[in-house]
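The file start.cif contains mmCIF, C-alpha atoms; chains and numbers go by the auth columns:
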```
data_data
loop_
_atom_site.group_PDB
_atom_site.id
_atom_site.type_symbol
_atom_site.label_atom_id
_atom_site.label_comp_id
_atom_site.label_asym_id
_atom_site.label_seq_id
_atom_site.Cartn_x
_atom_site.Cartn_y
_atom_site.Cartn_z
_atom_site.B_iso_or_equiv
_atom_site.auth_seq_id
_atom_site.auth_asym_id
ATOM 1 C CA MET A 1 -46.549 -27.838 -122.414 0.00 1 A
ATOM 2 C CA ARG A 2 -48.664 -29.737 -119.911 0.00 2 A
ATOM 3 C CA LEU A 3 -47.484 -32.618 -117.814 0.00 3 A
ATOM 4 C CA HIS A 4 -49.793 -35.265 -116.444 0.00 4 A
ATOM 5 C CA ASP A 5 -49.985 -35.099 -112.662 0.00 5 A
ATOM 6 C CA ARG A 6 -48.323 -38.500 -112.395 0.00 6 A
ATOM 7 C CA VAL A 7 -45.263 -37.216 -114.275 0.00 7 A
ATOM 8 C CA LEU A 8 -45.181 -34.033 -112.214 0.00 8 A
ATOM 9 C CA GLY A 9 -45.335 -36.043 -108.982 0.00 9 A
ATOM 10 C CA LEU A 10 -42.480 -38.268 -110.096 0.00 10 A
ATOM 11 C CA ILE A 11 -40.391 -35.227 -111.046 0.00 11 A
ATOM 12 C CA LEU A 12 -41.002 -33.747 -107.592 0.00 12 A
ATOM 13 C CA ILE A 13 -40.003 -37.018 -105.916 0.00 13 A
ATOM 14 C CA GLY A 14 -36.807 -37.107 -108.004 0.00 14 A
ATOM 15 C CA LEU A 15 -35.942 -33.510 -107.119 0.00 15 A
ATOM 16 C CA ALA A 16 -36.596 -34.236 -103.450 0.00 16 A
ATOM 17 C CA ALA A 17 -34.283 -37.253 -103.595 0.00 17 A
ATOM 18 C CA LEU A 18 -31.573 -35.137 -105.208 0.00 18 A
ATOM 19 C CA LEU A 19 -31.974 -32.415 -102.576 0.00 19 A
ATOM 20 C CA GLY A 20 -31.923 -34.970 -99.765 0.00 20 A
ATOM 21 C CA PHE A 21 -28.806 -36.635 -101.160 0.00 21 A
ATOM 22 C CA HIS A 22 -26.904 -33.368 -101.426 0.00 22 A
ATOM 23 C CA SER A 23 -28.030 -32.031 -98.064 0.00 23 A
ATOM 24 C CA ALA A 24 -26.976 -35.246 -96.338 0.00 24 A
ATOM 25 C CA ASN A 25 -23.371 -34.426 -97.268 0.00 25 A
ATOM 26 C CA LEU A 26 -23.386 -31.023 -95.551 0.00 26 A
ATOM 27 C CA ALA A 27 -20.955 -31.187 -92.668 0.00 27 A
ATOM 28 C CA GLY A 28 -22.108 -29.777 -89.370 0.00 28 A
ATOM 29 C CA PRO A 29 -20.314 -29.049 -86.128 0.00 29 A
ATOM 30 C CA SER A 30 -18.776 -32.143 -84.592 0.00 30 A
ATOM 31 C CA GLY A 31 -21.137 -34.044 -82.350 0.00 31 A
ATOM 32 C CA ASP A 32 -24.149 -31.929 -83.296 0.00 32 A
ATOM 33 C CA ARG A 33 -26.989 -33.856 -84.934 0.00 33 A
ATOM 34 C CA LEU A 34 -28.734 -30.679 -86.084 0.00 34 A
ATOM 35 C CA GLY A 35 -26.335 -29.410 -88.716 0.00 35 A
ATOM 36 C CA PRO A 36 -26.799 -27.340 -91.847 0.00 36 A
ATOM 37 C CA GLY A 37 -28.503 -30.236 -93.648 0.00 37 A
ATOM 38 C CA LEU A 38 -31.548 -30.244 -91.354 0.00 38 A
ATOM 39 C CA PHE A 39 -33.581 -27.565 -93.133 0.00 39 A
ATOM 40 C CA PRO A 40 -32.878 -28.857 -96.678 0.00 40 A
ATOM 41 C CA ASN A 41 -33.790 -32.376 -95.525 0.00 41 A
ATOM 42 C CA LEU A 42 -37.082 -31.134 -94.103 0.00 42 A
ATOM 43 C CA ILE A 43 -37.810 -29.333 -97.366 0.00 43 A
ATOM 44 C CA ALA A 44 -36.907 -32.484 -99.324 0.00 44 A
ATOM 45 C CA MET A 45 -39.292 -34.566 -97.230 0.00 45 A
ATOM 46 C CA GLY A 46 -42.078 -32.036 -97.809 0.00 46 A
ATOM 47 C CA ILE A 47 -41.458 -31.962 -101.559 0.00 47 A
ATOM 48 C CA ALA A 48 -41.373 -35.759 -101.701 0.00 48 A
ATOM 49 C CA ALA A 49 -44.644 -35.997 -99.758 0.00 49 A
ATOM 50 C CA CYS A 50 -46.295 -33.514 -102.131 0.00 50 A
ATOM 51 C CA GLY A 51 -44.997 -35.442 -105.143 0.00 51 A
ATOM 52 C CA LEU A 52 -46.280 -38.711 -103.716 0.00 52 A
ATOM 53 C CA VAL A 53 -49.739 -37.286 -103.028 0.00 53 A
ATOM 54 C CA ILE A 54 -49.926 -35.753 -106.519 0.00 54 A
ATOM 55 C CA SER A 55 -48.849 -39.036 -108.139 0.00 55 A
ATOM 56 C CA LEU A 56 -51.258 -41.162 -106.127 0.00 56 A
ATOM 57 C CA LYS A 57 -54.220 -38.887 -106.844 0.00 57 A
ATOM 58 C CA ALA A 58 -53.395 -38.983 -110.568 0.00 58 A
ATOM 59 C CA ARG A 59 -53.565 -42.781 -110.822 0.00 59 A
ATOM 60 C CA SER A 60 -57.149 -42.749 -112.057 0.00 60 A
ATOM 61 C CA LYS A 61 -56.859 -39.718 -114.357 0.00 61 A
ATOM 62 C CA PRO A 62 -56.829 -40.683 -118.019 0.00 62 A
ATOM 63 C CA GLY A 63 -54.941 -38.743 -120.634 0.00 63 A
ATOM 64 C CA PRO A 64 -51.540 -38.376 -122.221 0.00 64 A
ATOM 65 C CA MET A 65 -48.502 -37.968 -120.007 0.00 65 A
ATOM 66 C CA ILE A 66 -47.137 -34.920 -121.887 0.00 66 A
ATOM 67 C CA VAL A 67 -49.048 -32.471 -124.104 0.00 67 A
ATOM 68 C CA VAL A 68 -47.098 -29.910 -126.121 0.00 68 A
ATOM 69 C CA ASP A 69 -48.979 -26.687 -126.802 0.00 69 A
ATOM 70 C CA PRO A 70 -49.106 -25.922 -130.548 0.00 70 A
ATOM 71 C CA ARG A 71 -48.110 -22.312 -129.851 0.00 71 A
ATOM 72 C CA LEU A 72 -44.781 -23.579 -128.534 0.00 72 A
ATOM 73 C CA LYS A 73 -43.977 -24.968 -131.959 0.00 73 A
ATOM 74 C CA LEU A 74 -44.583 -21.597 -133.635 0.00 74 A
ATOM 75 C CA GLY A 75 -41.779 -19.743 -131.882 0.00 75 A
ATOM 76 C CA SER A 76 -43.599 -17.251 -129.654 0.00 76 A
ATOM 77 C CA GLY A 77 -44.083 -19.911 -127.008 0.00 77 A
ATOM 78 C CA LEU A 78 -40.426 -20.828 -127.288 0.00 78 A
ATOM 79 C CA PHE A 79 -39.549 -17.233 -126.410 0.00 79 A
ATOM 80 C CA ALA A 80 -41.803 -17.357 -123.357 0.00 80 A
ATOM 81 C CA VAL A 81 -40.240 -20.625 -122.212 0.00 81 A
ATOM 82 C CA SER A 82 -36.677 -19.354 -122.669 0.00 82 A
ATOM 83 C CA ILE A 83 -37.169 -16.096 -120.719 0.00 83 A
ATOM 84 C CA MET A 84 -36.439 -17.506 -117.278 0.00 84 A
ATOM 85 C CA PRO A 85 -33.313 -19.535 -118.197 0.00 85 A
ATOM 86 C CA ALA A 86 -31.995 -16.465 -120.025 0.00 86 A
ATOM 87 C CA GLY A 87 -32.620 -14.402 -116.882 0.00 87 A
ATOM 88 C CA VAL A 88 -30.733 -16.901 -114.745 0.00 88 A
ATOM 89 C CA ILE A 89 -27.794 -16.889 -117.173 0.00 89 A
ATOM 90 C CA PHE A 90 -27.818 -13.062 -117.149 0.00 90 A
ATOM 91 C CA TYR A 91 -27.828 -13.142 -113.336 0.00 91 A
ATOM 92 C CA LEU A 92 -24.861 -15.525 -113.215 0.00 92 A
ATOM 93 C CA LEU A 93 -22.852 -13.475 -115.696 0.00 93 A
ATOM 94 C CA VAL A 94 -23.250 -10.025 -114.127 0.00 94 A
ATOM 95 C CA ILE A 95 -23.907 -10.573 -110.400 0.00 95 A
ATOM 96 C CA ASP A 96 -20.269 -10.113 -109.376 0.00 96 A
ATOM 97 C CA TRP A 97 -19.874 -6.896 -111.344 0.00 97 A
ATOM 98 C CA LEU A 98 -23.255 -5.212 -110.739 0.00 98 A
ATOM 99 C CA GLY A 99 -24.108 -6.622 -107.329 0.00 99 A
ATOM 100 C CA PHE A 100 -27.360 -8.107 -106.127 0.00 100 A
ATOM 101 C CA LEU A 101 -29.559 -5.012 -106.020 0.00 101 A
ATOM 102 C CA LEU A 102 -28.846 -3.783 -109.556 0.00 102 A
ATOM 103 C CA THR A 103 -28.831 -7.263 -111.082 0.00 103 A
ATOM 104 C CA ALA A 104 -32.113 -8.223 -109.435 0.00 104 A
ATOM 105 C CA ALA A 105 -33.740 -4.923 -110.425 0.00 105 A
ATOM 106 C CA ILE A 106 -32.646 -5.238 -114.068 0.00 106 A
ATOM 107 C CA MET A 107 -33.681 -8.875 -114.213 0.00 107 A
ATOM 108 C CA ILE A 108 -37.119 -8.239 -112.685 0.00 108 A
ATOM 109 C CA ALA A 109 -37.718 -5.244 -114.983 0.00 109 A
ATOM 110 C CA LEU A 110 -36.772 -7.138 -118.141 0.00 110 A
ATOM 111 C CA LEU A 111 -38.776 -10.209 -117.181 0.00 111 A
ATOM 112 C CA SER A 112 -41.802 -8.065 -116.336 0.00 112 A
ATOM 113 C CA ILE A 113 -41.640 -6.269 -119.684 0.00 113 A
ATOM 114 C CA ALA A 114 -41.160 -9.552 -121.543 0.00 114 A
ATOM 115 C CA LEU A 115 -44.195 -11.025 -119.811 0.00 115 A
ATOM 116 C CA GLY A 116 -46.395 -8.090 -120.818 0.00 116 A
ATOM 117 C CA ALA A 117 -46.236 -5.567 -117.971 0.00 117 A
ATOM 118 C CA THR A 118 -46.118 -1.866 -118.738 0.00 118 A
ATOM 119 C CA ARG A 119 -42.812 -0.079 -118.300 0.00 119 A
ATOM 120 C CA LYS A 120 -44.076 1.844 -115.297 0.00 120 A
ATOM 121 C CA ALA A 121 -45.341 -1.317 -113.591 0.00 121 A
ATOM 122 C CA SER A 122 -42.129 -3.190 -114.392 0.00 122 A
ATOM 123 C CA LEU A 123 -40.052 -0.364 -112.916 0.00 123 A
ATOM 124 C CA VAL A 124 -42.096 -0.429 -109.712 0.00 124 A
ATOM 125 C CA ASN A 125 -41.859 -4.249 -109.648 0.00 125 A
ATOM 126 C CA ALA A 126 -38.103 -4.071 -110.151 0.00 126 A
ATOM 127 C CA ILE A 127 -37.439 -1.561 -107.395 0.00 127 A
ATOM 128 C CA LEU A 128 -39.761 -3.120 -104.832 0.00 128 A
ATOM 129 C CA GLY A 129 -38.837 -6.700 -105.712 0.00 129 A
ATOM 130 C CA ALA A 130 -35.099 -6.074 -105.504 0.00 130 A
ATOM 131 C CA LEU A 131 -35.401 -4.188 -102.208 0.00 131 A
ATOM 132 C CA LEU A 132 -37.691 -6.807 -100.667 0.00 132 A
ATOM 133 C CA ALA A 133 -35.444 -9.663 -101.782 0.00 133 A
ATOM 134 C CA TYR A 134 -32.381 -7.850 -100.459 0.00 134 A
ATOM 135 C CA GLY A 135 -34.084 -7.113 -97.154 0.00 135 A
ATOM 136 C CA PHE A 136 -35.231 -10.700 -96.773 0.00 136 A
ATOM 137 C CA PHE A 137 -31.951 -12.398 -97.658 0.00 137 A
ATOM 138 C CA ALA A 138 -29.323 -9.889 -96.474 0.00 138 A
ATOM 139 C CA GLU A 139 -30.982 -8.423 -93.416 0.00 139 A
ATOM 140 C CA LEU A 140 -33.374 -11.078 -92.142 0.00 140 A
ATOM 141 C CA LEU A 141 -31.534 -14.284 -93.084 0.00 141 A
ATOM 142 C CA ARG A 142 -28.023 -12.745 -92.977 0.00 142 A
ATOM 143 C CA VAL A 143 -27.049 -14.214 -96.356 0.00 143 A
ATOM 144 C CA PRO A 144 -24.045 -12.359 -97.794 0.00 144 A
ATOM 145 C CA LEU A 145 -25.013 -10.951 -101.181 0.00 145 A
ATOM 146 C CA ALA A 146 -22.728 -9.562 -103.879 0.00 146 A
ATOM 147 C CA THR A 147 -22.137 -5.818 -103.586 0.00 147 A
ATOM 148 C CA GLY A 148 -20.731 -5.353 -107.074 0.00 148 A
ATOM 149 C CA ASN A 149 -17.432 -4.100 -108.415 0.00 149 A
ATOM 150 C CA TRP A 150 -18.808 -1.338 -110.654 0.00 150 A
ATOM 151 C CA LEU A 151 -18.318 1.305 -107.971 0.00 151 A
ATOM 152 C CA ASN A 152 -14.549 0.704 -108.099 0.00 152 A
ATOM 153 C CA TYR A 153 -14.450 2.543 -111.444 0.00 153 A
ATOM 154 C CA PHE A 154 -15.661 5.778 -109.784 0.00 154 A
ATOM 155 C CA ARG A 155 -13.300 5.708 -106.793 0.00 155 A
ATOM 156 C CA GLY A 156 -10.433 7.204 -108.763 0.00 156 A
ATOM 157 C CA PHE A 157 -12.308 10.446 -109.478 0.00 157 A
#
```

Would you mind writing the file's structure down as structure tokens?
Amino acid sequence: MRLHDRVLGLILIGLAALLGFHSANLAGPSGDRLGPGLFPNLIAMGIAACGLVISLKARSKPGPMIVVDPRLKLGSGLFAVSIMPAGVIFYLLVIDWLGFLLTAAIMIALLSIALGATRKASLVNAILGALLAYGFFAELLRVPLATGNWLNYFRGF
């Protein structure tokens, strides 16, 4: 499926408005103007600016607003489109039990295989991707990530 640049720009502006609305409600420390909503608001402004530029540049481009690829109607394209939402649903269902590292590694490996990578390359992608993501979020940004409950089954032995 292809979207005209005007439609894509409007979608970006809408997403930026949604992000800005939700980040405006983040409560910060009393009396501090720079609360937790500052960074999301800056991101929202950047996304909105990009959407506006894309939309304005697309004013003179002719063509349909949405073009559906014929392969999508055959079924194989539908599989390719549904891979990422299925991965997100898998992540949401098993993150608490498996933890971030295992869930991310499994998800990256399965997505890599589904998108045509060899098993060896998908295994390398999974290990490196999960470790890099963990290092970035848990160590650098100090975001608490799920550790997983599956180890509790082995503690009784």

task: Rank nothing, just name the residue among A:Ala146, A:Leu140, A:Ala44, A:Cys50 nearest to Trp97 (chain A), using only C-alpha atoms.
output: A:Ala146

query: If we count all atoms listed in the file, what is near Leu8 (chain A) at a cut-off of 9 Å, once residues fewer than 6 positions away on the same chain are taken out, given as number ranges by chain?
result: A: 51, 54-55

Can you list, as a compact mmCIF listing (two decimals) with C-alpha atoms, in the frame of the given file, every protein, DNA or RNA residue that comes within 12 Å of Ile43 (chain A) when you count only C-alpha atoms, leaving out same-chain residues fewer than 6 positions away?
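The new file selection_10.txt reads:
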```txt
# COMPACT_ATOMS: atom_id res chain seq x y z
CA LEU A 12 -41.00 -33.75 -107.59
CA ILE A 13 -40.00 -37.02 -105.92
CA LEU A 15 -35.94 -33.51 -107.12
CA ALA A 16 -36.60 -34.24 -103.45
CA ALA A 17 -34.28 -37.25 -103.60
CA LEU A 18 -31.57 -35.14 -105.21
CA LEU A 19 -31.97 -32.42 -102.58
CA GLY A 20 -31.92 -34.97 -99.76
CA SER A 23 -28.03 -32.03 -98.06
CA GLY A 37 -28.50 -30.24 -93.65
CA ALA A 49 -44.64 -36.00 -99.76
CA CYS A 50 -46.30 -33.51 -102.13
```

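Picture a line from CA of Gly87 (chain A) to CA of Leu111 (chain A); it runs 7.5 Å.
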
message: Could you tell me how far CA of Phe100 (chain A) sits from CA of Leu145 (chain A), in Å to one decimal place?
response: 6.2 Å

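When CA of Gly63 (chain A) is paired with CA of Ile11 (chain A), their separation reads 17.8 Å.
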
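Restricting the calculation to all atoms listed in the file, the smallest distance between Ala114 (chain A) and any of A:Leu151, A:Ile66, A:Ile83, A:Ala58 is found for A:Ile83.
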